[in-house]
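Content type TSV, C-alpha atoms, from the file structure-v5.tsv:
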chain	number	residue	atom	x	y	z
A	1	MET	CA	9.60	-2.68	24.84
A	2	ALA	CA	9.46	-2.21	21.05
A	3	THR	CA	6.76	-4.05	19.09
A	4	GLY	CA	5.61	-4.01	15.46
A	5	ASN	CA	7.35	-3.12	12.21
A	6	PHE	CA	10.08	-0.49	11.93
A	7	VAL	CA	11.98	1.26	9.16
A	8	ALA	CA	15.30	2.79	10.26
A	9	TYR	CA	16.52	6.08	8.82
A	10	TYR	CA	20.15	7.11	9.22
A	11	ARG	CA	21.66	10.39	8.04
A	12	VAL	CA	25.28	11.42	7.63
A	13	SER	CA	26.19	14.94	6.61
A	14	THR	CA	28.94	14.38	4.06
A	15	GLU	CA	29.85	11.85	1.39
A	16	ARG	CA	33.12	11.09	3.17
A	17	GLN	CA	31.25	10.24	6.36
A	18	GLY	CA	28.94	8.04	4.31
A	19	ARG	CA	31.89	6.07	2.87
A	20	SER	CA	33.78	5.81	6.16
A	21	GLY	CA	30.78	4.97	8.31
A	22	LEU	CA	31.61	7.77	10.75
A	23	GLY	CA	28.50	8.41	12.79
A	24	LEU	CA	26.54	5.76	10.89
A	25	GLU	CA	27.66	2.83	13.05
A	26	ALA	CA	26.75	4.77	16.19
A	27	GLN	CA	23.27	5.44	14.83
A	28	GLN	CA	22.78	1.79	13.89
A	29	ALA	CA	23.96	0.67	17.31
A	30	ALA	CA	21.54	3.06	19.03
A	31	VAL	CA	18.60	1.78	16.97
A	32	ARG	CA	19.44	-1.87	17.61
A	33	SER	CA	19.84	-1.21	21.32
A	34	TYR	CA	16.41	0.44	21.42
A	35	LEU	CA	14.81	-2.48	19.56
A	36	ASN	CA	16.54	-5.09	21.72
A	37	GLY	CA	13.85	-7.39	23.12
A	38	GLY	CA	10.13	-7.39	22.31
A	39	ASN	CA	8.23	-8.56	19.25
A	40	TRP	CA	9.51	-6.32	16.47
A	41	ARG	CA	10.71	-6.53	12.86
A	42	LEU	CA	13.16	-4.17	11.14
A	43	VAL	CA	11.65	-4.04	7.65
A	44	ALA	CA	14.32	-1.85	6.02
A	45	GLU	CA	17.14	0.62	6.63
A	46	ALA	CA	17.77	3.81	4.66
A	47	VAL	CA	21.01	5.82	4.72
A	48	GLU	CA	20.89	9.45	3.61
A	49	ILE	CA	24.01	11.46	2.78
A	50	GLU	CA	22.63	14.97	3.01
A	51	SER	CA	22.79	18.35	4.69
A	52	GLY	CA	20.47	18.80	7.65
A	53	ARG	CA	19.33	22.12	6.19
A	54	ARG	CA	17.79	20.52	3.09
A	55	ASN	CA	14.29	19.07	2.92
A	56	ASP	CA	14.59	17.18	-0.39
A	57	ARG	CA	15.81	13.88	0.99
A	58	PRO	CA	15.06	10.99	-1.41
A	59	LYS	CA	16.11	8.29	1.05
A	60	LEU	CA	13.76	9.67	3.70
A	61	THR	CA	10.97	9.83	1.12
A	62	GLU	CA	11.61	6.17	0.34
A	63	ALA	CA	11.70	5.30	4.04
A	64	LEU	CA	8.31	6.99	4.56
A	65	ARG	CA	6.91	5.07	1.58
A	66	LEU	CA	8.10	1.81	3.10
A	67	CYS	CA	6.57	2.78	6.44
A	68	ARG	CA	3.18	3.32	4.81
A	69	LEU	CA	3.58	0.15	2.78
A	70	HIS	CA	4.36	-2.07	5.78
A	71	ASN	CA	2.37	-0.11	8.38
A	72	ALA	CA	5.70	0.51	10.11
A	73	THR	CA	7.12	3.16	12.44
A	74	LEU	CA	10.04	5.30	11.30
A	75	ILE	CA	12.88	5.02	13.82
A	76	ILE	CA	15.86	7.37	14.06
A	77	ALA	CA	18.81	7.48	16.45
A	78	LYS	CA	18.77	11.21	17.21
A	79	LEU	CA	16.06	13.80	16.78
A	80	ASP	CA	18.35	16.19	14.91
A	81	ARG	CA	18.88	13.49	12.27
A	82	LEU	CA	15.26	14.00	11.21
A	83	ALA	CA	14.70	17.73	10.79
A	84	ARG	CA	15.67	21.20	11.93
A	85	ASN	CA	12.64	23.18	10.83
A	86	VAL	CA	8.92	23.20	11.56
A	87	ALA	CA	7.87	22.95	7.89
A	88	PHE	CA	9.66	19.63	7.49
A	89	VAL	CA	8.11	18.18	10.64
A	90	SER	CA	4.68	19.30	9.41
A	91	ASN	CA	5.23	17.45	6.13
A	92	LEU	CA	6.24	14.36	8.09
A	93	MET	CA	3.06	14.52	10.14
A	94	GLU	CA	0.97	14.91	6.96
A	95	SER	CA	2.55	11.71	5.59
A	96	GLY	CA	0.64	9.76	8.23
A	97	VAL	CA	3.76	7.95	9.41
A	98	GLU	CA	4.54	7.52	13.10
A	99	PHE	CA	8.13	8.08	14.16
A	100	VAL	CA	10.25	7.59	17.25
A	101	ALA	CA	13.63	9.06	18.15
A	102	VAL	CA	15.83	6.78	20.27
A	103	ASP	CA	17.37	9.67	22.21
A	104	PHE	CA	13.97	11.28	22.85
A	105	PRO	CA	11.12	8.72	22.58
A	106	GLN	CA	8.57	11.25	23.84
A	107	ALA	CA	9.26	13.52	20.85
A	108	ASN	CA	6.66	11.77	18.72
A	109	ARG	CA	3.83	12.40	21.14
A	110	LEU	CA	5.12	15.85	22.08
A	111	THR	CA	5.41	16.95	18.45
A	112	VAL	CA	1.89	15.77	17.66
A	113	HIS	CA	0.53	17.64	20.68
A	114	ILE	CA	2.29	20.84	19.67
A	115	LEU	CA	0.99	20.65	16.11
A	116	ALA	CA	-2.49	19.81	17.37
A	117	ALA	CA	-2.39	22.79	19.73
A	118	VAL	CA	-1.43	25.11	16.86
A	119	ALA	CA	-4.20	23.70	14.65
A	120	GLU	CA	-6.71	24.05	17.48
A	121	HIS	CA	-5.69	27.67	18.04
A	122	GLU	CA	-6.14	28.45	14.35
A	123	ALA	CA	-9.52	26.70	14.22
A	124	ARG	CA	-10.68	28.70	17.23
A	125	ALA	CA	-9.51	31.94	15.63
A	126	ILE	CA	-11.42	31.12	12.41
A	127	SER	CA	-14.54	30.29	14.41
A	128	GLU	CA	-14.35	33.57	16.30
A	129	ARG	CA	-13.88	35.55	13.08
A	130	THR	CA	-16.88	33.77	11.51
A	131	LYS	CA	-19.09	34.50	14.52
A	132	ALA	CA	-18.03	38.13	14.46
A	133	ALA	CA	-18.86	38.41	10.75
A	134	LEU	CA	-22.31	36.84	11.27
A	135	ALA	CA	-23.01	39.15	14.19
A	136	ALA	CA	-22.05	42.15	12.07
A	137	SER	CA	-24.35	41.00	9.25
A	138	LYS	CA	-27.22	40.49	11.67
A	139	ALA	CA	-26.64	43.95	13.12
A	140	ARG	CA	-27.01	45.40	9.62
A	141	GLY	CA	-30.40	43.68	9.32
A	142	LYS	CA	-29.37	40.92	6.92
A	143	LYS	CA	-31.51	37.77	7.22
A	144	LEU	CA	-29.49	34.72	8.16
A	145	GLY	CA	-30.41	31.09	7.52
A	146	GLY	CA	-33.63	29.74	6.09
A	147	ASP	CA	-32.18	28.98	2.67
A	148	ARG	CA	-32.47	25.23	2.27
A	149	GLY	CA	-31.10	25.32	-1.25
A	150	LYS	CA	-27.84	26.83	-0.10
A	151	LEU	CA	-27.64	24.36	2.79
A	152	ALA	CA	-28.08	21.44	0.40
A	153	ALA	CA	-25.40	22.86	-1.85
A	154	VAL	CA	-22.99	23.15	1.08
A	155	ARG	CA	-23.69	19.54	2.08
A	156	ALA	CA	-23.11	18.40	-1.50
A	157	LEU	CA	-19.79	20.20	-1.54
A	158	GLY	CA	-18.85	18.52	1.73
A	159	THR	CA	-19.70	15.10	0.33
A	160	ALA	CA	-17.67	15.79	-2.81
A	161	ALA	CA	-14.73	16.99	-0.71
A	162	SER	CA	-14.83	13.81	1.40
A	163	ALA	CA	-14.87	11.66	-1.73
A	164	LYS	CA	-11.91	13.62	-3.09
A	165	VAL	CA	-9.94	13.04	0.11
A	166	ARG	CA	-10.67	9.30	0.02
A	167	GLY	CA	-9.60	9.19	-3.61
A	168	GLU	CA	-6.36	11.03	-2.89
A	169	ARG	CA	-5.57	8.61	-0.05
A	170	ALA	CA	-6.26	5.62	-2.29
A	171	THR	CA	-4.00	7.08	-4.99
A	172	ALA	CA	-1.20	7.74	-2.49
A	173	ARG	CA	-1.50	4.16	-1.23
A	174	ALA	CA	-1.42	2.82	-4.80
A	175	GLN	CA	1.76	4.79	-5.51
A	176	ASP	CA	3.37	3.29	-2.40
A	177	VAL	CA	2.62	-0.30	-3.38
A	178	ALA	CA	3.02	0.08	-7.17
A	179	PRO	CA	6.81	-0.61	-7.26
A	180	MET	CA	6.27	-3.95	-5.53
A	181	ILE	CA	3.40	-4.87	-7.86
A	182	ARG	CA	5.41	-4.00	-10.98
A	183	ASP	CA	8.39	-6.02	-9.73
A	184	LEU	CA	6.10	-9.04	-9.39
A	185	GLN	CA	4.58	-8.36	-12.83
A	186	ALA	CA	8.07	-8.41	-14.31
A	187	THR	CA	8.42	-12.01	-13.17
A	188	GLY	CA	5.27	-12.92	-15.11
A	189	ALA	CA	3.03	-13.19	-12.04
A	190	SER	CA	-0.73	-12.85	-12.63
A	191	LEU	CA	-2.88	-10.34	-10.73
A	192	ARG	CA	-4.21	-13.18	-8.57
A	193	THR	CA	-0.68	-14.36	-7.77
A	194	ILE	CA	0.37	-10.79	-6.96
A	195	ALA	CA	-2.62	-10.42	-4.65
A	196	ALA	CA	-1.68	-13.62	-2.84
A	197	ASN	CA	1.92	-12.41	-2.53
A	198	LEU	CA	0.87	-9.05	-1.02
A	199	THR	CA	-1.48	-10.84	1.36
A	200	ALA	CA	1.29	-13.21	2.46
A	201	ARG	CA	3.59	-10.25	3.13
A	202	GLU	CA	0.85	-8.61	5.24
A	203	ILE	CA	0.89	-5.46	3.09
A	204	PRO	CA	-2.20	-3.40	4.10
A	205	THR	CA	-4.70	-2.45	1.39
A	206	ALA	CA	-5.90	1.12	0.81
A	207	ARG	CA	-8.71	0.51	3.33
A	208	GLY	CA	-6.39	-1.02	5.90
A	209	GLY	CA	-7.28	-4.65	5.28
A	210	LEU	CA	-4.71	-7.42	4.90
A	211	VAL	CA	-6.38	-9.49	2.17
A	212	TRP	CA	-5.68	-8.47	-1.43
A	213	THR	CA	-7.75	-9.50	-4.45
A	214	ALA	CA	-6.93	-9.44	-8.15
A	215	ASP	CA	-9.41	-6.55	-8.57
A	216	GLY	CA	-7.69	-4.66	-5.76
A	217	VAL	CA	-4.34	-5.04	-7.50
A	218	ARG	CA	-5.88	-3.90	-10.80
A	219	ARG	CA	-7.41	-0.81	-9.17
A	220	ALA	CA	-4.09	0.06	-7.55
A	221	LEU	CA	-2.34	-0.10	-10.92
A	222	MET	CA	-5.04	2.06	-12.53
A	223	ARG	CA	-4.33	4.81	-9.98
A	224	THR	CA	-0.63	5.02	-10.84
What's the structure tokens form of this structure?
Amino acid sequence: MATGNFVAYYRVSTERQGRSGLGLEAQQAAVRSYLNGGNWRLVAEAVEIESGRRNDRPKLTEALRLCRLHNATLIIAKLDRLARNVAFVSNLMESGVEFVAVDFPQANRLTVHILAAVAEHEARAISERTKAALAASKARGKKLGGDRGKLAAVRALGTAASAKVRGERATARAQDVAPMIRDLQATGASLRTIAANLTAREIPTARGGLVWTADGVRRALMRT
């Protein structure tokens, strides 16, 4: 039984199909049938008129933005509506958005497991190559370890890298919510009023909270 927020993504291959609704109505019917029952909310629907071989899909990009904005799951009628190449699926996974295909609900979990298995294999290969390099250095008589200065430098780099990642995530979140904030600004709303509006709509903050403040809105704008 479906629960939570959803953003539907429909794709038709040609402009004529987009105008006539051929294939689109079937996709919409499949999504609504899947969502029938349960505690769910269809936040938005996006219709893409594109070729399945292309990755530059603006409507899908917008759908992913809305998913992140509303903490929603991307729902599609058929798996082939989403992608036909591994690179595209990888980009989808990197977006941090969960997705479900009506005709193959297990695809989400299966895809994640496959990608995780590939990443694990690569990590293991890197580890083995590193161990082999250290063993070779030791065999040549090179002293390993004992350099606290270098260790501190490595830790400092790790801390800086973590801060950079957090900053990039905050910026990405700000870019997702910025259009909504600017629309509210255009009506003359103050930062405090905008914060109250985002809180009422249950739009998650960059840290995952549901309560916005005027300072939080200001920081989001500064990152865009």
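Closest approach to A:Ala72 among A:Asp103, A:Glu202, A:Glu168, A:Glu128: A:Glu202, based on only C-alpha atoms.
Taking all atoms listed in the file, the non-local environment of stretch 182-190 of chain A within 12 Å (same-chain residues fewer than 5 positions away omitted) comprises Ala174, Gln175, Asp176, Val177, Ala195, Ala196, Asn197, Leu198, Thr213, Ala214, Asp215, Val217, Arg218, Ala220, Leu221 and Thr224 of chain A.
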Tell me which of A:Leu35, A:Ala206, A:Ala30, A:Ala8 sits closest to A:Lys59, counting only C-alpha atoms. A:Ala8
Enter the distance from atom CA of A:Arg166 to atom CA of A:Gly209, in Å, rounded to one decimal. 15.3 Å
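With distances taken over only C-alpha atoms, A:Ala101 is the one residue among A:Ala101, A:Val43, A:Met93, A:Val12 lying closest to A:Val31.
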Env of A:Ala44: 10 Å cut, atoms = only C-alpha atoms, seq-sep filter 3 positions within chain, self excluded. Answer as a list in words. Asn5, Phe6, Val7, Ala8, Tyr9, Arg41, Ala63, Leu66, Cys67, His70, Ala72 and Leu74 of chain A
Write out, as a compact mmCIF listing (two decimals), in the coordinates of the input, the residues just selected, with C-alpha atoms.
# COMPACT_ATOMS: atom_id res chain seq x y z
CA ASN A 5 7.35 -3.12 12.21
CA PHE A 6 10.08 -0.49 11.93
CA VAL A 7 11.98 1.26 9.16
CA ALA A 8 15.30 2.79 10.26
CA TYR A 9 16.52 6.08 8.82
CA ARG A 41 10.71 -6.53 12.86
CA ALA A 63 11.70 5.30 4.04
CA LEU A 66 8.10 1.81 3.10
CA CYS A 67 6.57 2.78 6.44
CA HIS A 70 4.36 -2.07 5.78
CA ALA A 72 5.70 0.51 10.11
CA LEU A 74 10.04 5.30 11.30
